[in-house]
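One file, protein-v4.pdb, is given below (PDB, N, CA and C atoms).
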ATOM      1  N   MET A   1      34.573  34.829  20.930
ATOM      2  CA  MET A   1      33.429  34.766  21.796
ATOM      3  C   MET A   1      32.882  33.336  21.775
ATOM      4  N   PRO A   2      32.608  32.740  22.924
ATOM      5  CA  PRO A   2      32.104  31.367  22.980
ATOM      6  C   PRO A   2      30.743  31.222  22.304
ATOM      7  N   GLY A   3      30.508  30.036  21.778
ATOM      8  CA  GLY A   3      29.227  29.751  21.147
ATOM      9  C   GLY A   3      29.128  28.293  20.771
ATOM     10  N   PRO A   4      27.911  27.829  20.465
ATOM     11  CA  PRO A   4      27.721  26.440  20.057
ATOM     12  C   PRO A   4      28.407  26.151  18.724
ATOM     13  N   LEU A   5      28.955  24.934  18.594
ATOM     14  CA  LEU A   5      29.556  24.504  17.338
ATOM     15  C   LEU A   5      28.462  24.265  16.306
ATOM     16  N   LEU A   6      28.727  24.678  15.064
ATOM     17  CA  LEU A   6      27.791  24.387  13.979
ATOM     18  C   LEU A   6      28.053  22.980  13.459
ATOM     19  N   HIS A   7      27.025  22.344  12.959
ATOM     20  CA  HIS A   7      27.139  21.038  12.318
ATOM     21  C   HIS A   7      26.365  21.092  11.005
ATOM     22  N   VAL A   8      26.419  20.028  10.229
ATOM     23  CA  VAL A   8      25.837  20.061   8.885
ATOM     24  C   VAL A   8      24.319  20.241   8.862
ATOM     25  N   ALA A   9      23.637  20.010   9.967
ATOM     26  CA  ALA A   9      22.187  20.192   9.996
ATOM     27  C   ALA A   9      21.766  21.522  10.628
ATOM     28  N   ALA A  10      22.718  22.398  10.930
ATOM     29  CA  ALA A  10      22.374  23.705  11.499
ATOM     30  C   ALA A  10      21.544  24.496  10.486
ATOM     31  N   VAL A  11      20.585  25.255  10.982
ATOM     32  CA  VAL A  11      19.703  26.038  10.116
ATOM     33  C   VAL A  11      20.173  27.490  10.116
ATOM     34  N   GLY A  12      20.533  27.969   8.921
ATOM     35  CA  GLY A  12      20.997  29.341   8.796
ATOM     36  C   GLY A  12      20.466  29.991   7.543
ATOM     37  N   MET A  13      20.495  31.340   7.550
ATOM     38  CA  MET A  13      20.001  32.115   6.418
ATOM     39  C   MET A  13      20.936  33.279   6.129
ATOM     40  N   CYS A  14      20.896  33.728   4.877
ATOM     41  CA  CYS A  14      21.569  34.973   4.518
ATOM     42  C   CYS A  14      20.649  36.120   4.944
ATOM     43  N   PRO A  15      21.098  37.378   4.874
ATOM     44  CA  PRO A  15      20.238  38.490   5.293
ATOM     45  C   PRO A  15      18.957  38.642   4.468
ATOM     46  N   HIS A  16      18.882  37.969   3.313
ATOM     47  CA  HIS A  16      17.727  38.115   2.428
ATOM     48  C   HIS A  16      16.822  36.892   2.445
ATOM     49  N   GLY A  17      17.078  35.950   3.341
ATOM     50  CA  GLY A  17      16.216  34.786   3.497
ATOM     51  C   GLY A  17      16.656  33.538   2.770
ATOM     52  N   GLY A  18      17.785  33.568   2.066
ATOM     53  CA  GLY A  18      18.294  32.362   1.408
ATOM     54  C   GLY A  18      18.781  31.352   2.434
ATOM     55  N   GLN A  19      18.574  30.077   2.184
ATOM     56  CA  GLN A  19      18.951  29.018   3.112
ATOM     57  C   GLN A  19      20.408  28.618   2.921
ATOM     58  N   ILE A  20      21.126  28.457   4.027
ATOM     59  CA  ILE A  20      22.528  28.041   3.989
ATOM     60  C   ILE A  20      22.598  26.527   4.124
ATOM     61  N   GLN A  21      23.325  25.897   3.197
ATOM     62  CA  GLN A  21      23.561  24.463   3.242
ATOM     63  C   GLN A  21      25.043  24.235   3.494
ATOM     64  N   ILE A  22      25.352  23.438   4.496
ATOM     65  CA  ILE A  22      26.747  23.146   4.844
ATOM     66  C   ILE A  22      27.125  21.809   4.225
ATOM     67  N   ILE A  23      28.176  21.839   3.414
ATOM     68  CA  ILE A  23      28.684  20.620   2.793
ATOM     69  C   ILE A  23      30.019  20.310   3.457
ATOM     70  N   SER A  24      30.029  19.234   4.242
ATOM     71  CA  SER A  24      31.192  18.891   5.047
ATOM     72  C   SER A  24      32.266  18.197   4.220
ATOM     73  N   SER A  25      33.509  18.513   4.539
ATOM     74  CA  SER A  25      34.639  17.865   3.872
ATOM     75  C   SER A  25      35.184  16.709   4.710
ATOM     76  N   ASP A  26      34.605  16.495   5.892
ATOM     77  CA  ASP A  26      35.109  15.462   6.787
ATOM     78  C   ASP A  26      33.983  14.927   7.656
ATOM     79  N   ALA A  27      33.937  13.634   7.831
ATOM     80  CA  ALA A  27      32.893  13.029   8.658
ATOM     81  C   ALA A  27      33.469  12.342   9.888
ATOM     82  N   ARG A  28      34.642  12.767  10.334
ATOM     83  CA  ARG A  28      35.270  12.094  11.476
ATOM     84  C   ARG A  28      34.917  12.733  12.804
ATOM     85  N   VAL A  29      34.752  14.054  12.849
ATOM     86  CA  VAL A  29      34.441  14.737  14.099
ATOM     87  C   VAL A  29      32.949  15.075  14.092
ATOM     88  N   MET A  30      32.245  14.540  15.092
ATOM     89  CA  MET A  30      30.786  14.659  15.109
ATOM     90  C   MET A  30      30.271  15.298  16.395
ATOM     91  N   VAL A  31      29.121  15.968  16.265
ATOM     92  CA  VAL A  31      28.316  16.396  17.413
ATOM     93  C   VAL A  31      26.879  15.996  17.085
ATOM     94  N   ASN A  32      26.207  15.390  18.049
ATOM     95  CA  ASN A  32      24.846  14.890  17.841
ATOM     96  C   ASN A  32      24.756  13.992  16.609
ATOM     97  N   GLY A  33      25.811  13.249  16.288
ATOM     98  CA  GLY A  33      25.805  12.339  15.163
ATOM     99  C   GLY A  33      25.970  12.997  13.800
ATOM    100  N   MET A  34      26.310  14.292  13.781
ATOM    101  CA  MET A  34      26.481  15.016  12.524
ATOM    102  C   MET A  34      27.854  15.675  12.482
ATOM    103  N   SER A  35      28.406  15.819  11.283
ATOM    104  CA  SER A  35      29.741  16.399  11.117
ATOM    105  C   SER A  35      29.796  17.839  11.599
ATOM    106  N   VAL A  36      30.892  18.175  12.288
ATOM    107  CA  VAL A  36      31.135  19.542  12.743
ATOM    108  C   VAL A  36      31.531  20.394  11.535
ATOM    109  N   ALA A  37      31.043  21.619  11.477
ATOM    110  CA  ALA A  37      31.388  22.540  10.392
ATOM    111  C   ALA A  37      32.753  23.168  10.677
ATOM    112  N   THR A  38      33.604  23.220   9.649
ATOM    113  CA  THR A  38      34.939  23.811   9.786
ATOM    114  C   THR A  38      35.186  24.800   8.652
ATOM    115  N   MET A  39      36.333  25.477   8.722
ATOM    116  CA  MET A  39      36.722  26.425   7.673
ATOM    117  C   MET A  39      36.899  25.737   6.319
ATOM    118  N   ALA A  40      37.182  24.438   6.304
ATOM    119  CA  ALA A  40      37.401  23.715   5.055
ATOM    120  C   ALA A  40      36.094  23.350   4.351
ATOM    121  N   ASP A  41      34.968  23.502   5.031
ATOM    122  CA  ASP A  41      33.678  23.129   4.449
ATOM    123  C   ASP A  41      33.139  24.218   3.526
ATOM    124  N   GLN A  42      32.166  23.824   2.705
ATOM    125  CA  GLN A  42      31.487  24.775   1.838
ATOM    126  C   GLN A  42      30.167  25.170   2.485
ATOM    127  N   PHE A  43      29.893  26.456   2.485
ATOM    128  CA  PHE A  43      28.649  26.993   3.015
ATOM    129  C   PHE A  43      27.937  27.664   1.841
ATOM    130  N   LEU A  44      27.062  26.902   1.179
ATOM    131  CA  LEU A  44      26.380  27.385  -0.011
ATOM    132  C   LEU A  44      25.016  27.958   0.356
ATOM    133  N   ILE A  45      24.595  28.968  -0.390
ATOM    134  CA  ILE A  45      23.316  29.632  -0.124
ATOM    135  C   ILE A  45      22.409  29.421  -1.332
ATOM    136  N   VAL A  46      21.184  28.968  -1.080
ATOM    137  CA  VAL A  46      20.192  28.773  -2.132
ATOM    138  C   VAL A  46      18.931  29.548  -1.791
ATOM    139  N   GLY A  47      18.274  30.056  -2.809
ATOM    140  CA  GLY A  47      16.994  30.732  -2.611
ATOM    141  C   GLY A  47      17.073  32.189  -2.225
ATOM    142  N   CYS A  48      18.229  32.825  -2.366
ATOM    143  CA  CYS A  48      18.342  34.250  -2.058
ATOM    144  C   CYS A  48      17.751  35.042  -3.224
ATOM    145  N   ALA A  49      16.871  35.969  -2.914
ATOM    146  CA  ALA A  49      16.183  36.739  -3.952
ATOM    147  C   ALA A  49      16.675  38.181  -4.043
ATOM    148  N   PHE A  50      17.867  38.470  -3.528
ATOM    149  CA  PHE A  50      18.367  39.845  -3.508
ATOM    150  C   PHE A  50      18.641  40.360  -4.925
ATOM    151  N   THR A  51      18.207  41.557  -5.194
ATOM    152  CA  THR A  51      18.487  42.235  -6.464
ATOM    153  C   THR A  51      18.946  43.656  -6.163
ATOM    154  N   VAL A  52      19.728  44.214  -7.067
ATOM    155  CA  VAL A  52      20.161  45.608  -6.941
ATOM    156  C   VAL A  52      19.501  46.417  -8.044
ATOM    157  N   PRO A  53      19.248  47.694  -7.799
ATOM    158  CA  PRO A  53      18.640  48.516  -8.850
ATOM    159  C   PRO A  53      19.536  48.545 -10.070
ATOM    160  N   PRO A  54      19.015  48.496 -11.232
ATOM    161  CA  PRO A  54      17.606  48.481 -11.684
ATOM    162  C   PRO A  54      17.080  47.084 -11.956
ATOM    163  N   GLY A  55      17.086  46.218 -10.992
ATOM    164  CA  GLY A  55      16.529  44.878 -11.132
ATOM    165  C   GLY A  55      17.536  43.809 -11.507
ATOM    166  N   LYS A  56      18.825  44.048 -11.269
ATOM    167  CA  LYS A  56      19.847  43.037 -11.569
ATOM    168  C   LYS A  56      19.925  42.049 -10.398
ATOM    169  N   PRO A  57      19.664  40.763 -10.656
ATOM    170  CA  PRO A  57      19.786  39.774  -9.571
ATOM    171  C   PRO A  57      21.218  39.707  -9.057
ATOM    172  N   GLN A  58      21.360  39.716  -7.739
ATOM    173  CA  GLN A  58      22.675  39.639  -7.092
ATOM    174  C   GLN A  58      22.546  38.744  -5.870
ATOM    175  N   PRO A  59      22.105  37.475  -6.042
ATOM    176  CA  PRO A  59      21.843  36.612  -4.891
ATOM    177  C   PRO A  59      23.116  36.214  -4.151
ATOM    178  N   CYS A  60      22.955  35.989  -2.859
ATOM    179  CA  CYS A  60      24.046  35.448  -2.050
ATOM    180  C   CYS A  60      24.286  34.007  -2.498
ATOM    181  N   MET A  61      25.562  33.617  -2.635
ATOM    182  CA  MET A  61      25.891  32.284  -3.126
ATOM    183  C   MET A  61      26.669  31.440  -2.112
ATOM    184  N   ARG A  62      27.449  32.099  -1.245
ATOM    185  CA  ARG A  62      28.285  31.345  -0.304
ATOM    186  C   ARG A  62      28.583  32.219   0.907
ATOM    187  N   VAL A  63      29.066  31.575   1.964
ATOM    188  CA  VAL A  63      29.489  32.291   3.169
ATOM    189  C   VAL A  63      31.007  32.223   3.236
ATOM    190  N   GLN A  64      31.625  33.366   3.461
ATOM    191  CA  GLN A  64      33.074  33.431   3.667
ATOM    192  C   GLN A  64      33.299  33.773   5.140
ATOM    193  N   TRP A  65      34.011  32.912   5.842
ATOM    194  CA  TRP A  65      34.229  33.098   7.275
ATOM    195  C   TRP A  65      35.476  33.919   7.527
ATOM    196  N   MET A  66      35.367  34.906   8.406
ATOM    197  CA  MET A  66      36.488  35.773   8.767
ATOM    198  C   MET A  66      37.129  35.350  10.086
ATOM    199  N   VAL A  67      36.289  35.029  11.082
ATOM    200  CA  VAL A  67      36.781  34.684  12.418
ATOM    201  C   VAL A  67      36.128  33.375  12.872
ATOM    202  N   PRO A  68      36.835  32.239  12.708
ATOM    203  CA  PRO A  68      36.314  30.967  13.202
ATOM    204  C   PRO A  68      36.647  30.807  14.691
ATOM    205  N   ALA A  69      36.443  29.614  15.210
ATOM    206  CA  ALA A  69      36.813  29.320  16.597
ATOM    207  C   ALA A  69      38.328  29.426  16.747
ATOM    208  N   ALA A  70      38.763  29.973  17.858
ATOM    209  CA  ALA A  70      40.193  30.141  18.113
ATOM    210  C   ALA A  70      40.803  28.921  18.805
ATOM    211  N   ARG A  71      39.996  28.208  19.572
ATOM    212  CA  ARG A  71      40.530  27.107  20.385
ATOM    213  C   ARG A  71      40.038  25.722  19.998
ATOM    214  N   VAL A  72      39.115  25.632  19.066
ATOM    215  CA  VAL A  72      38.551  24.332  18.710
ATOM    216  C   VAL A  72      38.929  23.987  17.273
ATOM    217  N   LEU A  73      39.608  22.844  17.112
ATOM    218  CA  LEU A  73      39.990  22.356  15.790
ATOM    219  C   LEU A  73      39.334  21.007  15.553
ATOM    220  N   ALA A  74      38.965  20.756  14.308
ATOM    221  CA  ALA A  74      38.464  19.449  13.896
ATOM    222  C   ALA A  74      39.303  19.028  12.700
ATOM    223  N   ASN A  75      40.124  18.002  12.887
ATOM    224  CA  ASN A  75      41.068  17.562  11.847
ATOM    225  C   ASN A  75      41.943  18.709  11.351
ATOM    226  N   SER A  76      42.498  19.439  12.273
ATOM    227  CA  SER A  76      43.430  20.552  12.031
ATOM    228  C   SER A  76      42.793  21.771  11.371
ATOM    229  N   GLN A  77      41.478  21.826  11.297
ATOM    230  CA  GLN A  77      40.774  22.985  10.739
ATOM    231  C   GLN A  77      39.990  23.676  11.849
ATOM    232  N   PRO A  78      39.993  25.022  11.884
ATOM    233  CA  PRO A  78      39.198  25.718  12.896
ATOM    234  C   PRO A  78      37.706  25.428  12.716
ATOM    235  N   ALA A  79      37.029  25.156  13.807
ATOM    236  CA  ALA A  79      35.589  24.915  13.774
ATOM    237  C   ALA A  79      34.848  26.245  13.587
ATOM    238  N   ILE A  80      33.620  26.150  13.117
ATOM    239  CA  ILE A  80      32.761  27.327  12.969
ATOM    240  C   ILE A  80      31.741  27.288  14.099
ATOM    241  N   LEU A  81      31.606  28.411  14.785
ATOM    242  CA  LEU A  81      30.663  28.539  15.892
ATOM    243  C   LEU A  81      29.461  29.372  15.455
ATOM    244  N   GLN A  82      28.397  29.322  16.230
ATOM    245  CA  GLN A  82      27.239  30.173  15.950
ATOM    246  C   GLN A  82      27.632  31.647  16.052
ATOM    247  N   THR A  83      28.640  31.953  16.851
ATOM    248  CA  THR A  83      29.090  33.334  17.046
ATOM    249  C   THR A  83      30.248  33.730  16.130
ATOM    250  N   SER A  84      30.687  32.816  15.242
ATOM    251  CA  SER A  84      31.785  33.137  14.328
ATOM    252  C   SER A  84      31.373  34.256  13.369
ATOM    253  N   VAL A  85      32.355  35.052  12.964
ATOM    254  CA  VAL A  85      32.096  36.178  12.071
ATOM    255  C   VAL A  85      32.276  35.729  10.628
ATOM    256  N   GLY A  86      31.233  35.923   9.831
ATOM    257  CA  GLY A  86      31.277  35.580   8.420
ATOM    258  C   GLY A  86      30.503  36.591   7.608
ATOM    259  N   ILE A  87      30.631  36.484   6.290
ATOM    260  CA  ILE A  87      29.936  37.400   5.394
ATOM    261  C   ILE A  87      29.380  36.599   4.225
ATOM    262  N   CYS A  88      28.146  36.890   3.840
ATOM    263  CA  CYS A  88      27.532  36.260   2.675
ATOM    264  C   CYS A  88      28.026  36.986   1.437
ATOM    265  N   MET A  89      28.400  36.199   0.418
ATOM    266  CA  MET A  89      28.974  36.767  -0.794
ATOM    267  C   MET A  89      28.140  36.397  -2.013
ATOM    268  N   SER A  90      28.059  37.322  -2.982
ATOM    269  CA  SER A  90      27.387  37.031  -4.243
ATOM    270  C   SER A  90      28.359  36.308  -5.172
ATOM    271  N   ALA A  91      27.880  35.898  -6.331
ATOM    272  CA  ALA A  91      28.738  35.225  -7.310
ATOM    273  C   ALA A  91      29.832  36.163  -7.816
ATOM    274  N   ASP A  92      29.566  37.480  -7.807
ATOM    275  CA  ASP A  92      30.554  38.472  -8.235
ATOM    276  C   ASP A  92      31.520  38.856  -7.133
ATOM    277  N   GLY A  93      31.381  38.246  -5.941
ATOM    278  CA  GLY A  93      32.263  38.547  -4.822
ATOM    279  C   GLY A  93      31.871  39.788  -4.048
ATOM    280  N   ILE A  94      30.620  40.212  -4.172
ATOM    281  CA  ILE A  94      30.137  41.400  -3.470
ATOM    282  C   ILE A  94      29.579  40.979  -2.111
ATOM    283  N   PRO A  95      30.080  41.566  -1.005
ATOM    284  CA  PRO A  95      29.561  41.206   0.322
ATOM    285  C   PRO A  95      28.131  41.696   0.497
ATOM    286  N   ALA A  96      27.304  40.872   1.156
ATOM    287  CA  ALA A  96      25.889  41.206   1.294
ATOM    288  C   ALA A  96      25.387  41.186   2.731
ATOM    289  N   GLY A  97      26.239  40.929   3.700
ATOM    290  CA  GLY A  97      25.817  40.930   5.092
ATOM    291  C   GLY A  97      26.148  39.627   5.790
ATOM    292  N   PRO A  98      25.959  39.594   7.099
ATOM    293  CA  PRO A  98      26.337  38.402   7.874
ATOM    294  C   PRO A  98      25.287  37.294   7.810
ATOM    295  N   PRO A  99      25.728  36.038   7.906
ATOM    296  CA  PRO A  99      24.774  34.939   8.009
ATOM    297  C   PRO A  99      24.200  34.882   9.421
ATOM    298  N   VAL A 100      23.011  34.309   9.527
ATOM    299  CA  VAL A 100      22.362  34.142  10.829
ATOM    300  C   VAL A 100      21.959  32.680  10.975
ATOM    301  N   PHE A 101      22.484  32.025  12.017
ATOM    302  CA  PHE A 101      22.127  30.635  12.295
ATOM    303  C   PHE A 101      21.163  30.624  13.465
ATOM    304  N   THR A 102      19.960  30.091  13.229
ATOM    305  CA  THR A 102      18.909  30.116  14.244
ATOM    306  C   THR A 102      18.774  28.803  15.007
ATOM    307  N   THR A 103      19.091  27.686  14.365
ATOM    308  CA  THR A 103      18.953  26.387  15.018
ATOM    309  C   THR A 103      20.287  25.657  14.969
ATOM    310  N   VAL A 104      20.866  25.423  16.145
ATOM    311  CA  VAL A 104      22.136  24.712  16.266
ATOM    312  C   VAL A 104      22.028  23.737  17.433
ATOM    313  N   GLN A 105      22.983  22.837  17.518
ATOM    314  CA  GLN A 105      22.999  21.908  18.660
ATOM    315  C   GLN A 105      23.451  22.702  19.897
ATOM    316  N   PRO A 106      22.861  22.471  21.056
ATOM    317  CA  PRO A 106      23.166  23.292  22.233
ATOM    318  C   PRO A 106      24.235  22.743  23.180
ATOM    319  N   ARG A 107      24.744  21.536  22.941
ATOM    320  CA  ARG A 107      25.579  20.892  23.954
ATOM    321  C   ARG A 107      27.060  21.176  23.852
ATOM    322  N   ALA A 108      27.612  21.191  22.631
ATOM    323  CA  ALA A 108      29.061  21.397  22.461
ATOM    324  C   ALA A 108      29.334  22.877  22.219
ATOM    325  N   ILE A 109      30.037  23.501  23.166
ATOM    326  CA  ILE A 109      30.342  24.932  23.101
ATOM    327  C   ILE A 109      31.843  25.093  22.868
ATOM    328  N   GLY A 110      32.202  26.015  22.018
ATOM    329  CA  GLY A 110      33.610  26.286  21.756
ATOM    330  C   GLY A 110      33.907  27.769  21.866
ATOM    331  N   SER A 111      35.186  28.097  21.775
ATOM    332  CA  SER A 111      35.569  29.512  21.786
ATOM    333  C   SER A 111      36.755  29.723  20.875
TER     334      SER A 111
END

Take the structure in the file and give it back as structure tokens.
Amino acid sequence: MPGPLLHVAAVGMCPHGGQIQIISSDARVMVNGMSVATMADQFLIVGCAFTVPPGKPQPCMRVQWMVPAARVLANSQPAILQTSVGICMSADGIPAGPPVFTTVQPRAIGS
């Protein structure tokens, strides 16, 4: 499904309100002067306060992408779109829900 390309300054959250930080592995392909997010990048989550009963902290730690862009590559890696399918994962590898990106650049669209 088409959608705007994510870049390192895109604003995203896990389902529990933790902030997603994109750490780029490449600074060659840019949109709005910022690196495009790809499958090779790290999507770390900070500030997630999720706990499971009986009070065991189980915060989201990273985003694992399932379906990146099909037609857009940046340095031979599939780009990540706002509409890409991903799942937030805890440190124990437990899935916790999809990430939500609310602020992205609007000009470069991929599919």

Counting all atoms listed in the file, which of A:Pro98, A:Cys60, A:Ala69, A:Gln82 gets nearest to Gly3 in chain A?
A:Gln82

Do you have, as a tab-separated table, the list of residues of range 51-110 of chain A lying at most 7 Å from range 11-32 of chain A, each with its nearest atom pair and that distance in Å to one decimal, counting all atoms listed in the file and ordered by chain then number?
residue	atom	partner	partner_atom	distance
A:Ala74	CA	A:Val29	CA	6.2
A:Asn75	N	A:Val29	CA	6.7
A:Cys88	CA	A:Cys14	CA	6.4
A:Ala96	C	A:Pro15	N	6.1
A:Gly97	C	A:Pro15	N	5.6
A:Pro98	C	A:Pro15	N	5.1
A:Pro99	CA	A:Met13	C	4.6
A:Val100	C	A:Met13	N	4.0
A:Phe101	CA	A:Gly12	CA	3.9
A:Thr102	N	A:Val11	C	4.1
A:Thr103	C	A:Val11	N	4.0
A:Val104	N	A:Val11	N	5.2

Selection result of the PyMOL selection byres (((chain A and resi 41 and name CA) around 10) and name CA) on this file, as a VMD selection string
chain A and resid 8 22 to 26 36 to 40 42 to 44 77 79 to 80

Written selection (N, CA and C atoms) as a short mmCIF file (atom, residue, chain, number, x, y, z; two decimals), in the coordinates of the input:
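Everything below was put into again.cif:
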data_model
loop_
_atom_site.label_atom_id
_atom_site.label_comp_id
_atom_site.auth_asym_id
_atom_site.auth_seq_id
_atom_site.Cartn_x
_atom_site.Cartn_y
_atom_site.Cartn_z
N VAL A 8 26.42 20.03 10.23
CA VAL A 8 25.84 20.06 8.88
C VAL A 8 24.32 20.24 8.86
N ILE A 22 25.35 23.44 4.50
CA ILE A 22 26.75 23.15 4.84
C ILE A 22 27.12 21.81 4.22
N ILE A 23 28.18 21.84 3.41
CA ILE A 23 28.68 20.62 2.79
C ILE A 23 30.02 20.31 3.46
N SER A 24 30.03 19.23 4.24
CA SER A 24 31.19 18.89 5.05
C SER A 24 32.27 18.20 4.22
N SER A 25 33.51 18.51 4.54
CA SER A 25 34.64 17.86 3.87
C SER A 25 35.18 16.71 4.71
N ASP A 26 34.60 16.50 5.89
CA ASP A 26 35.11 15.46 6.79
C ASP A 26 33.98 14.93 7.66
N VAL A 36 30.89 18.18 12.29
CA VAL A 36 31.14 19.54 12.74
C VAL A 36 31.53 20.39 11.54
N ALA A 37 31.04 21.62 11.48
CA ALA A 37 31.39 22.54 10.39
C ALA A 37 32.75 23.17 10.68
N THR A 38 33.60 23.22 9.65
CA THR A 38 34.94 23.81 9.79
C THR A 38 35.19 24.80 8.65
N MET A 39 36.33 25.48 8.72
CA MET A 39 36.72 26.42 7.67
C MET A 39 36.90 25.74 6.32
N ALA A 40 37.18 24.44 6.30
CA ALA A 40 37.40 23.72 5.06
C ALA A 40 36.09 23.35 4.35
N GLN A 42 32.17 23.82 2.70
CA GLN A 42 31.49 24.78 1.84
C GLN A 42 30.17 25.17 2.48
N PHE A 43 29.89 26.46 2.48
CA PHE A 43 28.65 26.99 3.02
C PHE A 43 27.94 27.66 1.84
N LEU A 44 27.06 26.90 1.18
CA LEU A 44 26.38 27.38 -0.01
C LEU A 44 25.02 27.96 0.36
N GLN A 77 41.48 21.83 11.30
CA GLN A 77 40.77 22.98 10.74
C GLN A 77 39.99 23.68 11.85
N ALA A 79 37.03 25.16 13.81
CA ALA A 79 35.59 24.92 13.77
C ALA A 79 34.85 26.24 13.59
N ILE A 80 33.62 26.15 13.12
CA ILE A 80 32.76 27.33 12.97
C ILE A 80 31.74 27.29 14.10
#

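Distances to Met1 in chain A were evaluated for A:Pro68, A:Thr51, A:Gln105, A:Ser111 using only C-alpha atoms, and the minimum falls at A:Ser111.
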
Which of chain A end up as strand (DSSP E) when DSSP is run on this backbone - answer as a ChimeraX atom specification?
/A:3-4,11-13,19-23,30-31,34-35,42-46,51-52,56-57,60-67,73-74,77-78,85-90,95-97,100-103,109-110

Mind pulling up the distance from CA of Asp92 in chain A to CA of Val63 in chain A?
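Between CA of Val63 in chain A and CA of Asp92 in chain A the gap is 13.0 Å.
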
CA of Gln64 in chain A to CA of Cys48 in chain A, distance in Å rounded to a single decimal
15.8 Å

One decimal, Å: what's the distance from atom N of Ser84 in chain A over to atom N of Ile45 in chain A, could you say?
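Atom N of Ser84 in chain A sits 17.2 Å away from atom N of Ile45 in chain A.
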
Take the PyMOL selection byres ((chain A and resi 66) around 6), apply it to the structure above, and return the hits as a short mmCIF file (atom, residue, chain, number, x, y, z; two decimals) with N, CA and C atoms, keeping the file's coordinate frame.
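To be explicit, this is the file written out as result_33.cif:
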data_model
loop_
_atom_site.label_atom_id
_atom_site.label_comp_id
_atom_site.auth_asym_id
_atom_site.auth_seq_id
_atom_site.Cartn_x
_atom_site.Cartn_y
_atom_site.Cartn_z
N GLN A 64 31.62 33.37 3.46
CA GLN A 64 33.07 33.43 3.67
C GLN A 64 33.30 33.77 5.14
N TRP A 65 34.01 32.91 5.84
CA TRP A 65 34.23 33.10 7.28
C TRP A 65 35.48 33.92 7.53
N VAL A 67 36.29 35.03 11.08
CA VAL A 67 36.78 34.68 12.42
C VAL A 67 36.13 33.38 12.87
N PRO A 68 36.84 32.24 12.71
CA PRO A 68 36.31 30.97 13.20
C PRO A 68 36.65 30.81 14.69
N VAL A 85 32.35 35.05 12.96
CA VAL A 85 32.10 36.18 12.07
C VAL A 85 32.28 35.73 10.63
N GLY A 86 31.23 35.92 9.83
CA GLY A 86 31.28 35.58 8.42
C GLY A 86 30.50 36.59 7.61
N ILE A 87 30.63 36.48 6.29
CA ILE A 87 29.94 37.40 5.39
C ILE A 87 29.38 36.60 4.22
#
